[in-house]
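**Student:** Quick one: this structure, given as structure tokens, is what I'll be asking you about.
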Amino acid sequence: DEPHYLLSAESLLADGDVDLKNQFDQRAFSKFTSADLEPHTAPRSPRERLYAIHTPGLSALIAPGYAVSGFEGAKAMVSLVMAAVVGLLFFASRSLFGEATANFVFLLSAFCSPLPIYANSLFPDAVATLPVAATLACLVSPRRAFSALASATIAGLPWMHPRFLPLALLLALALAFRGGFSASRAAAAFLPLLASTGLLLLRFQAW
């Protein structure tokens with residue numbers, strides 16, 4: 001699926017949309033694959049348009065890197081996310097278990113499967129690890145920065161892929177019930193997620 005996410009990133013940058021018709025007409029995918037790419041067209045894509053079946057969250061995330069350095073820049077964006085995941089896991093481990101365990105967790109997450117493999121791949125499962133790590137850090141240390149990062153990345157999960165919605169709900173519940181249920185924490189976790197999911201459903205409906 002990598003070329004399709006790259007094409008969507010290019011369309012966002014060049015056209016301000018995710019209609020890939022002109023990208024396929026111009027065979028823009030030849031810049032990063034030698035294959036004769038077939039469109040992954042959404043079933044309800046309007047006539048004369050090519051909307052990919054993939055949601056555009058990952059494409060939007062990699063777009064800045066793609067704009068600077070193409071395919072390598074896009075992979076660099078995912079690698080930055082993976083680096084943040086490793087840092088958050090290290091912080092959570094050190095807070096709970098101490099320096100020695102945190103160092104082991106750092107080595108394990110940085111050099112063993114799956115993170116190093118995902119760091120070199122453009123796939124939504126890679127960046128879906130960020131809200132999990134952010135939630136763990138927030139559960140360990142309820143700093144505002146961690147809470148904001150967790151809420152924002154949880155809200156972005158459905159745009160990475162709709163299959164992540166159950167994970168998003170579980171993470172939001174974890175934030176809401178940290179140390180006992182809190183209405184304010186529940187609102188901070190669920191309102192952005194509900195708004196994000198509603199916008200995604202409106203997007204599907206518009207198609």
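By convention here, the chains of the structure tokens are called A, B, ... in the order presented, each chain's residues are numbered starting at 1, and ligands are numbered starting at 1 in the order presented.
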Run DSSP on the backbone of this structure and report the residues of chain A it assigns to helix (DSSP H, G or I), as a PyMOL selection string.

**Tutor:** chain A and resi 2-14+21-25+28-31+57-97+99-111+115-118+124-127+129-140+144-160+162-176+183-206

**Student:** I'd like a table as a tab-separated table: residues in stretch 53-129 of chain A with an atom no more than 10 Å from stretch 39-44 of chain A, each row giving the shortest atom pair and its distance in Å to one decimal, only C-alpha atoms counted, sorted by chain and rising residue number.

**Tutor:**
```
residue	atom	partner	partner_atom	distance
A:Ile53	CA	A:Ala42	CA	4.1
A:His54	CA	A:His40	CA	7.7
A:Thr55	CA	A:Ala42	CA	9.8
```

**Student:** Would you export the selected residues with N, CA and C atoms as a PDB file, in the first residue's frame, please?

**Tutor:**
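File written: part.pdb
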```
ATOM      1  N   ILE A  53      -9.265   3.913  -1.387  1.00  0.00           N
ATOM      2  CA  ILE A  53     -10.003   3.304  -0.279  1.00  0.00           C
ATOM      3  C   ILE A  53      -9.308   3.591   1.057  1.00  0.00           C
ATOM      4  N   HIS A  54      -8.038   3.992   1.001  1.00  0.00           N
ATOM      5  CA  HIS A  54      -7.280   4.267   2.224  1.00  0.00           C
ATOM      6  C   HIS A  54      -7.643   5.646   2.773  1.00  0.00           C
ATOM      7  N   THR A  55      -7.871   5.717   4.070  1.00  0.00           N
ATOM      8  CA  THR A  55      -8.115   7.016   4.703  1.00  0.00           C
ATOM      9  C   THR A  55      -6.823   7.849   4.660  1.00  0.00           C
TER      10      THR A  55
END
```

**Student:** Mind giving me the straight-line distance from atom CA of A:Phe91 to atom CA of A:Pro142 in Å, one decimal?

**Tutor:**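 Here the two named atoms are 12.5 Å from each other.
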
**Student:** Write out as number ranges by chain the residues lying within 12 Å of stretch 127-129 of chain A, counting only C-alpha atoms and excluding same-chain residues fewer than 3 positions away.

**Tutor:** A: 57-59, 61-62, 75, 77-86, 88-89, 109, 114-115, 118-124, 132-136, 150, 153-165, 167-168, 171

**Student:** Which residue is closest to A:Ala28? Choose from A:Leu96, A:Ser45, A:Ala174, A:Leu7 and count only C-alpha atoms.

**Tutor:** A:Leu7

**Student:** Out of stretch 3-194 of chain A, which residues get strand (DSSP E or B) from DSSP, as a PyMOL selection string?

**Tutor:** chain A and resi 19+41+51-52

**Student:** Env of A:Gly65: 7 Å cut, atoms = only C-alpha atoms, seq-sep filter 6 positions within chain, self excluded. Answer as a list of chain:residue names.

**Tutor:**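 Using only C-alpha atoms, the neighbours found are A:Gly73, A:Ala74, A:Ala76, A:Met77.
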
**Student:** Taking only C-alpha atoms into account, which of A:Pro192, A:Gly87, A:Pro116, A:Gly70 comes nearest A:Phe29?

**Tutor:**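 Ranking A:Pro192, A:Gly87, A:Pro116, A:Gly70 by distance to A:Phe29, first place goes to A:Gly70.
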
**Student:** Rounded to one decimal in Å, what is the spacing between atom CA of A:Lys21 and atom CA of A:Tyr5?

**Tutor:** 14.1 Å

**Student:** Would you compute the distance between atom CA of A:Phe32 and atom CA of A:Pro131? Give it in Å to one decimal.

**Tutor:**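 These atoms are spaced 29.0 Å apart.
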
**Student:** Can you pull out the residues contacting A:Leu191? Cut-off 10 Å, using only C-alpha atoms, and skip same-chain residues under 6 positions away; I want them as a ChimeraX atom specification.

**Tutor:** /A:151,155,172,197
